[in-house]
file protein-v1.tsv (TSV, C-alpha atoms and all ligand atoms)
chain	number	residue	atom	x	y	z
A	1098	MET	CA	0.00	0.00	0.00
A	1099	GLN	CA	3.04	2.31	0.03
A	1100	SER	CA	3.33	3.36	-3.58
A	1101	GLY	CA	2.17	2.52	-7.05
A	1102	GLU	CA	-1.18	1.03	-7.87
A	1103	LEU	CA	-3.64	0.49	-5.06
A	1104	PHE	CA	-6.22	-2.30	-4.98
A	1105	SER	CA	-9.48	-2.58	-3.10
A	1106	VAL	CA	-9.94	-6.13	-1.78
A	1107	ARG	CA	-13.40	-7.07	-0.48
A	1108	MET	CA	-15.12	-10.10	0.99
A	1109	ARG	CA	-18.72	-10.96	1.87
A	1110	ALA	CA	-19.97	-14.23	3.30
A	1111	ALA	CA	-23.49	-15.47	4.01
A	1112	LYS	CA	-25.39	-18.62	4.93
A	1113	ASP	CA	-28.54	-20.07	3.37
A	1114	GLY	CA	-27.49	-18.57	0.05
A	1115	PRO	CA	-25.98	-15.29	-1.11
A	1116	HIS	CA	-27.15	-11.99	0.36
A	1117	GLU	CA	-29.12	-11.08	-2.76
A	1118	ARG	CA	-31.14	-14.31	-2.50
A	1119	GLY	CA	-32.07	-13.78	1.11
A	1120	GLY	CA	-29.05	-15.38	2.78
A	1121	THR	CA	-28.06	-14.33	6.29
A	1122	HIS	CA	-24.99	-12.09	6.43
A	1123	ILE	CA	-22.11	-13.76	8.26
A	1124	SER	CA	-19.09	-11.58	7.65
A	1125	GLY	CA	-17.61	-8.92	5.41
A	1126	GLY	CA	-14.31	-7.16	5.09
A	1127	GLU	CA	-12.54	-4.49	3.10
A	1128	MET	CA	-8.86	-3.75	2.68
A	1129	LEU	CA	-6.49	-1.76	0.52
A	1130	ALA	CA	-3.41	-3.49	-0.85
A	1131	ALA	CA	-0.53	-2.98	-3.23
A	1132	PHE	CA	-0.44	-5.57	-6.02
A	1133	GLY	CA	2.16	-7.64	-4.16
A	1134	ASP	CA	0.01	-7.78	-1.02
A	1135	ILE	CA	-3.22	-8.93	-2.68
A	1136	GLN	CA	-2.60	-12.60	-1.91
A	1137	GLN	CA	-2.08	-11.89	1.77
A	1138	ALA	CA	-5.21	-9.70	1.89
A	1139	VAL	CA	-7.32	-12.40	0.20
A	1140	MET	CA	-6.05	-15.03	2.66
A	1141	TYR	CA	-6.82	-12.75	5.60
A	1142	LEU	CA	-10.38	-12.15	4.38
A	1143	LEU	CA	-10.92	-15.83	3.54
A	1144	GLU	CA	-9.94	-16.77	7.08
A	1145	LYS	CA	-12.12	-14.02	8.54
A	1146	GLY	CA	-15.24	-15.24	6.75
A	1147	LEU	CA	-14.61	-19.00	7.11
A	1148	ASN	CA	-14.15	-19.07	10.87
A	1149	HIS	CA	-16.89	-16.93	12.25
A	1150	SER	CA	-18.92	-16.98	15.46
A	1151	LYS	CA	-22.13	-16.39	13.44
A	1152	GLY	CA	-21.69	-19.78	11.82
A	1153	ARG	CA	-20.44	-21.51	8.72
A	1154	PRO	CA	-20.99	-19.65	5.44
A	1155	ASP	CA	-22.26	-21.44	2.33
A	1156	PHE	CA	-21.59	-18.43	0.13
A	1157	MET	CA	-18.51	-16.25	-0.10
A	1158	GLN	CA	-17.31	-13.73	-2.62
A	1159	ILE	CA	-13.83	-12.21	-2.57
A	1160	GLN	CA	-12.92	-9.68	-5.20
A	1161	PHE	CA	-10.21	-7.17	-5.92
A	1162	GLU	CA	-10.07	-4.21	-8.24
A	1163	CYS	CA	-7.57	-1.51	-9.09
A	1164	ILE	CA	-8.43	1.91	-7.70
A	1165	HIS	CA	-7.90	4.92	-9.92
A	1166	GLU	CA	-8.94	7.72	-7.54
A	1167	PRO	CA	-6.15	9.20	-5.39
A	1168	ALA	CA	-6.31	8.15	-1.73
A	1169	LYS	CA	-6.99	10.63	1.06
A	1170	CYS	CA	-4.61	10.25	4.02
A	1171	VAL	CA	-6.04	10.97	7.47
A	1172	LYS	CA	-5.22	10.51	11.16
A	1173	PRO	CA	-7.28	8.05	13.23
A	1174	LEU	CA	-9.97	9.40	15.56
A	1175	LYS	CA	-8.78	9.76	19.14
A	1176	MET	CA	-9.75	6.72	21.18
A	1177	LYS	CA	-11.20	6.44	24.67
A	1178	THR	CA	-12.49	3.30	26.43
A	1179	ASN	CA	-15.50	3.70	28.74
A	1180	GLU	CA	-15.90	0.79	31.16
A	1181	VAL	CA	-19.49	-0.05	32.06
A	1182	GLU	CA	-21.05	-2.84	34.14
A	1183	THR	CA	-24.16	-3.65	32.12
A	1184	PRO	CA	-25.57	-3.20	28.60
A	1185	GLU	CA	-28.21	-0.85	30.08
A	1186	GLU	CA	-25.50	1.37	31.50
A	1187	GLY	CA	-23.62	1.14	28.20
A	1188	GLN	CA	-26.62	2.14	26.11
A	1189	ALA	CA	-27.43	5.02	28.46
A	1190	LEU	CA	-23.87	6.30	28.00
A	1191	ALA	CA	-24.06	5.82	24.22
A	1192	TRP	CA	-27.32	7.77	24.06
A	1193	SER	CA	-25.92	10.62	26.14
A	1194	LEU	CA	-22.76	10.81	24.00
A	1195	LEU	CA	-24.96	11.02	20.90
A	1196	GLU	CA	-26.99	13.79	22.57
A	1197	GLU	CA	-23.71	15.65	23.15
A	1198	THR	CA	-23.29	15.81	19.39
A	1199	GLY	CA	-26.63	17.63	19.19
A	1200	ILE	CA	-28.90	14.74	18.21
A	1201	ARG	CA	-32.28	14.74	19.95
A	1202	ARG	CA	-33.20	11.68	22.03
A	1203	ARG	CA	-36.37	11.07	20.04
A	1204	ILE	CA	-34.31	10.80	16.84
A	1205	ILE	CA	-31.88	8.33	18.46
A	1206	ASP	CA	-34.76	6.17	19.77
A	1207	GLU	CA	-36.46	6.13	16.37
A	1208	ALA	CA	-33.24	5.26	14.55
A	1209	TYR	CA	-32.56	2.39	16.96
A	1210	LYS	CA	-36.10	1.07	16.52
A	1211	LEU	CA	-35.61	1.19	12.75
A	1212	VAL	CA	-32.38	-0.88	12.70
A	1213	SER	CA	-33.85	-3.35	15.20
A	1214	GLN	CA	-36.32	-4.45	12.49
A	1215	TYR	CA	-33.53	-5.97	10.42
A	1216	SER	CA	-32.09	-9.29	11.51
A	1217	SER	CA	-28.88	-9.42	9.47
A	1218	MET	CA	-27.72	-6.24	7.78
A	1219	SER	CA	-24.39	-6.16	5.98
A	1220	GLY	CA	-24.21	-2.36	5.92
A	1221	ALA	CA	-25.27	0.73	7.84
A	1222	VAL	CA	-28.42	2.82	8.00
A	1223	LEU	CA	-28.16	6.58	7.34
A	1224	ILE	CA	-30.45	8.73	9.49
A	1225	ASP	CA	-31.13	12.46	9.12
A	1226	VAL	CA	-30.57	14.12	12.50
A	1227	HIS	CA	-33.20	16.77	11.75
A	1228	SER	CA	-36.14	14.62	10.68
A	1229	GLY	CA	-35.18	11.14	11.88
A	1230	MET	CA	-35.85	9.88	8.35
A	1231	ARG	CA	-33.77	7.17	6.78
A	1232	LEU	CA	-31.78	8.69	3.90
A	1233	ASP	CA	-30.42	5.65	2.07
A	1234	ASN	CA	-32.73	3.42	0.10
A	1235	ARG	CA	-30.72	0.24	0.59
A	1236	LYS	CA	-33.37	-1.59	2.62
A	1237	GLU	CA	-32.04	-4.57	4.65
A	1238	LYS	CA	-28.64	-4.32	2.95
A	1239	GLY	CA	-27.69	-0.81	4.08
A	1240	VAL	CA	-24.66	1.16	2.89
A	1241	ARG	CA	-21.37	-0.70	3.03
A	1242	VAL	CA	-18.31	1.49	3.60
A	1243	SER	CA	-15.37	0.34	1.53
A	1244	ARG	CA	-11.90	1.30	0.31
A	1245	MET	CA	-10.26	2.19	3.63
A	1246	ASP	CA	-7.33	0.74	5.54
A	1247	TRP	CA	-4.36	1.53	7.74
A	1248	GLN	CA	-1.11	2.52	6.13
A	1249	SER	CA	0.99	-0.67	6.40
A	1250	GLY	CA	2.49	-0.99	9.87
A	1251	HIS	CA	0.82	2.13	11.30
A	1252	ASP	CA	-1.85	0.07	13.06
A	1253	GLU	CA	0.83	-1.67	15.10
A	1254	LYS	CA	2.47	1.62	16.05
A	1255	TRP	CA	-0.93	3.01	16.97
A	1256	ALA	CA	-1.81	0.03	19.19
A	1257	GLY	CA	1.62	0.26	20.85
A	1258	CYS	CA	1.04	3.91	21.70
A	1259	HIS	CA	-2.33	3.01	23.23
A	1260	ASP	CA	-0.83	0.21	25.26
A	1261	MET	CA	-3.21	-2.39	23.90
A	1262	PRO	CA	-2.89	-5.57	21.84
A	1263	LEU	CA	-3.72	-5.10	18.17
A	1264	HIS	CA	-7.15	-6.71	17.81
A	1265	SER	CA	-8.27	-6.95	14.18
A	1266	ARG	CA	-11.76	-5.90	15.20
A	1267	VAL	CA	-10.58	-2.68	16.84
A	1268	ARG	CA	-8.19	-1.77	14.03
A	1269	GLU	CA	-10.96	-2.29	11.45
A	1270	ALA	CA	-13.60	-0.39	13.41
A	1271	VAL	CA	-11.29	2.60	14.01
A	1272	VAL	CA	-10.57	2.84	10.30
A	1273	LEU	CA	-14.25	2.63	9.42
A	1274	ALA	CA	-15.31	5.23	12.03
A	1275	THR	CA	-12.48	7.55	10.97
A	1276	LYS	CA	-13.65	7.40	7.37
A	1277	VAL	CA	-17.34	7.75	8.26
A	1278	CYS	CA	-16.73	10.80	10.47
A	1279	GLY	CA	-14.30	12.42	8.04
A	1280	HIS	CA	-16.96	14.03	5.85
A	1281	ARG	CA	-18.91	17.24	6.44
A	1282	ALA	CA	-22.27	15.42	6.23
A	1283	ALA	CA	-21.37	13.15	9.19
A	1284	VAL	CA	-22.69	13.96	12.67
A	1285	ALA	CA	-22.03	10.73	14.60
A	1286	GLU	CA	-21.93	6.96	14.40
A	1287	LEU	CA	-23.39	4.34	16.76
A	1288	CYS	CA	-22.16	0.75	16.45
A	1289	TRP	CA	-22.04	-2.60	18.06
A	1290	SER	CA	-21.30	-5.98	16.53
A	1291	ASP	CA	-23.80	-8.59	15.39
A	1292	ASP	CA	-21.31	-11.28	16.45
A	1293	PRO	CA	-22.65	-13.19	19.50
A	1294	ASP	CA	-19.23	-13.27	21.18
A	1295	TYR	CA	-18.45	-9.54	21.04
A	1296	ILE	CA	-20.25	-6.96	23.17
A	1297	THR	CA	-18.05	-3.86	23.05
A	1298	GLY	CA	-19.28	-1.13	20.73
A	1299	TYR	CA	-18.74	2.59	20.27
A	1300	VAL	CA	-20.04	6.05	19.55
A	1301	ALA	CA	-17.88	8.14	17.24
A	1302	SER	CA	-17.81	11.68	15.98
A	1303	LYS	CA	-15.12	14.07	14.85
A	1304	ARG	CA	-15.23	15.93	18.18
A	1305	LEU	CA	-15.90	13.00	20.57
A	1306	GLY	CA	-13.45	10.74	18.77
A	1307	TYR	CA	-13.81	6.96	18.97
A	1308	GLN	CA	-15.57	6.30	22.30
A	1309	ARG	CA	-15.52	2.60	23.06
A	1310	ILE	CA	-18.18	1.31	25.45
A	1311	THR	CA	-17.36	-2.09	26.92
A	1312	LYS	CA	-20.93	-3.50	27.08
A	1313	LEU	CA	-23.66	-2.56	24.65
A	1314	LYS	CA	-25.48	-5.91	24.48
A	1315	GLU	CA	-25.56	-9.35	26.15
A	1316	TYR	CA	-23.34	-12.25	25.06
A	1317	GLY	CA	-25.17	-14.56	22.66
A	1318	ASP	CA	-27.17	-11.75	21.09
A	1319	GLU	CA	-26.81	-11.69	17.27
A	1320	ARG	CA	-28.43	-8.30	16.86
A	1321	GLY	CA	-25.92	-5.69	15.74
A	1322	CYS	CA	-26.33	-2.00	15.15
A	1323	ARG	CA	-24.67	0.44	12.77
A	1324	ILE	CA	-26.24	3.86	12.36
A	1325	PHE	CA	-24.66	6.84	10.63
A	1326	PHE	CA	-26.35	10.03	11.85
A	1327	VAL	CA	-26.02	12.63	9.12
A	1328	ASP	CA	-26.92	16.23	8.41
A	1329	GLY	CA	-29.67	15.83	5.83
A	1330	LYS	CA	-29.07	19.39	4.61
A	1331	GLU	CA	-25.79	18.23	3.07
A	1332	ASP	CA	-25.52	16.37	-0.23
A	1333	ILE	CA	-26.26	12.77	0.83
A	1334	HIS	CA	-25.58	11.25	-2.59
A	1335	SER	CA	-22.05	12.58	-2.47
A	1336	TYR	CA	-21.66	11.30	1.13
A	1337	ILE	CA	-22.72	7.79	0.06
A	1338	HIS	CA	-20.40	8.01	-2.92
A	1339	TYR	CA	-17.57	9.00	-0.57
A	1340	LEU	CA	-18.35	6.09	1.81
A	1341	GLU	CA	-18.35	3.52	-0.97
A	1342	ASN	CA	-15.67	4.83	-3.29
A	1343	GLN	CA	-13.23	7.35	-1.83
A	1344	PRO	CA	-10.01	5.54	-0.87
A	1345	VAL	CA	-8.94	6.54	2.67
A	1346	ILE	CA	-5.64	5.58	4.27
A	1347	VAL	CA	-5.25	6.05	8.02
A	1348	GLN	CA	-1.80	7.09	9.14
A	1349	TRP	CA	-0.42	7.22	12.66
A	1350	GLU	CA	2.57	9.46	13.28
A	1351	VAL	CA	4.04	9.30	16.75
A	1352	GLU	CA	4.18	12.81	18.18
A	1353	GLU	CA	7.62	13.73	19.40
A	1401	LIG	N1	-19.87	-0.63	6.16
A	1401	LIG	C1	-21.09	-0.43	6.69
A	1401	LIG	N2	-21.59	-1.19	7.67
A	1401	LIG	C2	-20.84	-2.19	8.13
A	1401	LIG	C3	-19.54	-2.45	7.64
A	1401	LIG	C4	-19.06	-1.62	6.58
A	1401	LIG	N3	-17.87	-1.79	6.04
A	1401	LIG	N4	-19.03	-3.51	8.30
A	1401	LIG	C5	-19.98	-3.89	9.17
A	1401	LIG	N5	-21.08	-3.11	9.07
A	1401	LIG	C6	-22.34	-3.21	9.82
A	1401	LIG	C7	-23.14	-4.44	9.43
A	1401	LIG	O1	-24.51	-4.15	9.51
A	1401	LIG	C8	-22.74	-5.43	10.49
A	1401	LIG	O2	-23.73	-6.40	10.69
A	1401	LIG	C9	-22.57	-4.54	11.70
A	1401	LIG	O3	-22.07	-3.31	11.18
A	1401	LIG	C10	-21.61	-5.09	12.71
A	1401	LIG	O4	-20.38	-5.40	12.05
A	1401	LIG	O5	-13.65	-3.03	20.56
A	1401	LIG	O6	-17.21	-5.94	15.03
A	1401	LIG	O7	-18.05	-6.23	11.90
A	1401	LIG	O8	-13.34	-1.04	19.70
A	1401	LIG	O9	-19.72	-7.34	13.50
A	1401	LIG	C11	-16.88	-2.36	17.37
A	1401	LIG	C12	-16.06	-2.25	18.61
A	1401	LIG	C13	-16.96	-3.74	16.79
A	1401	LIG	C14	-14.61	-2.60	18.41
A	1401	LIG	C15	-17.90	-3.71	15.63
A	1401	LIG	O10	-18.91	-4.96	13.90
A	1401	LIG	C16	-13.80	-2.20	19.63
A	1401	LIG	C17	-17.96	-4.98	14.84
A	1401	LIG	P1	-19.20	-6.10	12.83
A	1402	MG	MG	-20.26	-9.03	12.44
call {"tool": "encode", "arguments": {"input": "protein-v1.tsv", "output": "structure tokens", "more": "lines below"}}
Ligand code: WAQ
Ligand code: MG
result
Amino acid sequence: MQSGELFSVRMRAAKDGPHERGGTHISGGEMLAAFGDIQQAVMYLLEKGLNHSKGRPDFMQIQFECIHEPAKCVKPLKMKTNEVETPEEGQALAWSLLEETGIRRRIIDEAYKLVSQYSSMSGAVLIDVHSGMRLDNRKEKGVRVSRMDWQSGHDEKWAGCHDMPLHSRVREAVVLATKVCGHRAAVAELCWSDDPDYITGYVASKRLGYQRITKLKEYGDERGCRIFFVDGKEDIHSYIHYLENQPVIVQWEVEE
């Protein structure tokens, strides 16, 4: 990913058939790679989708394509971990962080009710913070953010500076949240995993940074949540185009 041509490498896996024929989403992944690193990226994504706590996939697609747009280089959102005792406490904290970004409680409640209707989304729902209306028309699929990754090796440096082991889940979520919040239409993001064995989630915004919350659901629960709260007065088509197509590379420079 250092120089020369850049490739987007993507994976999606489902069970009971492919997503477009009603299959249940198991896993997805997106990476950026130089030509020489494509094989390694494909192997990483294959492994990610094959061995998953949501079950065994019977459909998987892995694809790569050359990217022609120049990549935007950005710094990761600042990270903070909020320890909570219960999912109720975690959700209360998440809701109040979202309110700090100016979103009204009624809008947050409505957005949460809306995503709860879907059992296995592979993408995110976009909600207008003014009206509470859903702004994407992607139904149960949602909008899938793609074409983002760490600059090679910077994720390790970043984890070292934060005194934590480099979990793939955290490094992927930080990249996604950094991209999602790096556009003028973005207000905030709310996320927790649909994987039954992972209960930490986060609220992110440019100003709040990446605010991890250690419990946002119970173990065993396969209901995930990914909501992008957006300013509906901005150009939403160009925001969705940015989320799906603009290559973003996250770089971590140690401050002297
Ligand atoms: N674009 C849009 N939505 C996505 C994407 C993407 N690239 N990837 C996942 N989603 C949506 C989709 O609806 C999934 O079902 C849902 O999010 C959850 O995805 O400890 O692991 O990959 O700091 O299961 C966050 C906390 C973990 C990490 C989130 O989500 C930490 C996680 P998962
Ligand atoms: Mg998942």
call {"tool": "residues_near_ligand", "arguments": {"input": "protein-v1.tsv", "ligand": "ligand MG 1402 (chain A)", "cutoff": "6 Å", "atoms": "all atoms listed in the file", "output": "MDAnalysis selection string"}}
result
chainID A and resid 1124 1290:1292
call {"tool": "write_last_selection", "arguments": {"input": "protein-v1.tsv", "atoms": "C-alpha atoms", "output": "short mmCIF file (atom, residue, chain, number, x, y, z; two decimals), in the frame of the given file"}}
result
data_model
loop_
_atom_site.label_atom_id
_atom_site.label_comp_id
_atom_site.auth_asym_id
_atom_site.auth_seq_id
_atom_site.Cartn_x
_atom_site.Cartn_y
_atom_site.Cartn_z
CA SER A 1124 -19.09 -11.58 7.65
CA SER A 1290 -21.30 -5.98 16.53
CA ASP A 1291 -23.80 -8.59 15.39
CA ASP A 1292 -21.31 -11.28 16.45
#
call {"tool": "closest_residue", "arguments": {"input": "protein-v1.tsv", "among": "A:Lys1169, A:Lys1276, A:Arg1304, A:Lys1254", "to": "ligand LIG 1401 (chain A)", "atoms": "only C-alpha atoms and all ligand atoms"}}
result
A:Lys1276
call {"tool": "atom_distance", "arguments": {"input": "protein-v1.tsv", "atom1": "CA of Arg1268 (chain A)", "atom2": "CA of Val1222 (chain A)"}}
result
21.6 Å
call {"tool": "axis_aligned_box", "arguments": {"input": "protein-v1.tsv", "around": "ligand LIG 1401 (chain A)", "padding_each_side": "3 Å", "output": "AutoDock Vina command-line options"}}
result
--center_x -18.9 --center_y -3.9 --center_z 13.3 --size_x 17.2 --size_y 12.9 --size_z 20.5
call {"tool": "atom_distance", "arguments": {"input": "protein-v1.tsv", "atom1": "atom O2 of ligand LIG 1401 (chain A)", "atom2": "CA of Ala1256 (chain A)"}}
result
24.4 Å
call {"tool": "closest_residue", "arguments": {"input": "protein-v1.tsv", "among": "A:Val1212, A:Val1345, A:Met1218, A:Val1277", "to": "ligand LIG 1401 (chain A)", "atoms": "all atoms listed in the file"}}
result
A:Met1218
call {"tool": "residues_near_ligand", "arguments": {"input": "protein-v1.tsv", "ligand": "ligand LIG 1401 (chain A)", "cutoff": "6 Å", "atoms": "all atoms listed in the file", "output": "PyMOL selection string"}}
result
chain A and resi 1218-1221+1240-1243+1266-1267+1270+1289-1292+1297-1299+1309+1321-1323
call {"tool": "closest_residue", "arguments": {"input": "protein-v1.tsv", "among": "A:Leu1273, A:Ala1285, A:Ile1224, A:Ile1135", "to": "Glu1196 (chain A)", "atoms": "all atoms listed in the file"}}
result
A:Ala1285
call {"tool": "closest_residue", "arguments": {"input": "protein-v1.tsv", "among": "A:Leu1313, A:Val1226, A:Cys1288, A:Ala1282", "to": "Gly1199 (chain A)", "atoms": "all atoms listed in the file"}}
result
A:Val1226
call {"tool": "closest_residue", "arguments": {"input": "protein-v1.tsv", "among": "A:Leu1195, A:Leu1190, A:Leu1174, A:Leu1223", "to": "Lys1236 (chain A)", "atoms": "all atoms listed in the file"}}
result
A:Leu1223
call {"tool": "atom_distance", "arguments": {"input": "protein-v1.tsv", "atom1": "CA of Phe1156 (chain A)", "atom2": "CA of Met1140 (chain A)"}}
result
16.1 Å
call {"tool": "closest_residue", "arguments": {"input": "protein-v1.tsv", "among": "A:His1251, A:Glu1286, A:Asp1113, A:Val1327", "to": "Trp1192 (chain A)", "atoms": "all atoms listed in the file"}}
result
A:Glu1286
call {"tool": "residues_around", "arguments": {"input": "protein-v1.tsv", "residues": "Glu1350 (chain A)", "least_positions_apart": "2", "cutoff": "12 Å", "atoms": "all atoms listed in the file", "output": "ChimeraX atom specification"}}
result
/A:1170-1173,1247-1248,1250-1258,1347-1348,1352-1353
call {"tool": "write_last_selection", "arguments": {"input": "protein-v1.tsv", "atoms": "C-alpha atoms", "output": "JSON list (two decimals), keeping the file's coordinate frame"}}
result
[["chain", "number", "residue", "atom", "x", "y", "z"],
["A", 1170, "CYS", "CA", -4.61, 10.25, 4.02],
["A", 1171, "VAL", "CA", -6.04, 10.97, 7.47],
["A", 1172, "LYS", "CA", -5.22, 10.51, 11.16],
["A", 1173, "PRO", "CA", -7.28, 8.05, 13.23],
["A", 1247, "TRP", "CA", -4.36, 1.53, 7.74],
["A", 1248, "GLN", "CA", -1.11, 2.52, 6.13],
["A", 1250, "GLY", "CA", 2.49, -0.99, 9.87],
["A", 1251, "HIS", "CA", 0.82, 2.13, 11.30],
["A", 1252, "ASP", "CA", -1.85, 0.07, 13.06],
["A", 1253, "GLU", "CA", 0.83, -1.67, 15.10],
["A", 1254, "LYS", "CA", 2.47, 1.62, 16.05],
["A", 1255, "TRP", "CA", -0.93, 3.01, 16.97],
["A", 1256, "ALA", "CA", -1.81, 0.03, 19.19],
["A", 1257, "GLY", "CA", 1.62, 0.26, 20.85],
["A", 1258, "CYS", "CA", 1.04, 3.91, 21.70],
["A", 1347, "VAL", "CA", -5.25, 6.05, 8.02],
["A", 1348, "GLN", "CA", -1.80, 7.09, 9.14],
["A", 1352, "GLU", "CA", 4.18, 12.81, 18.18],
["A", 1353, "GLU", "CA", 7.62, 13.73, 19.40]]
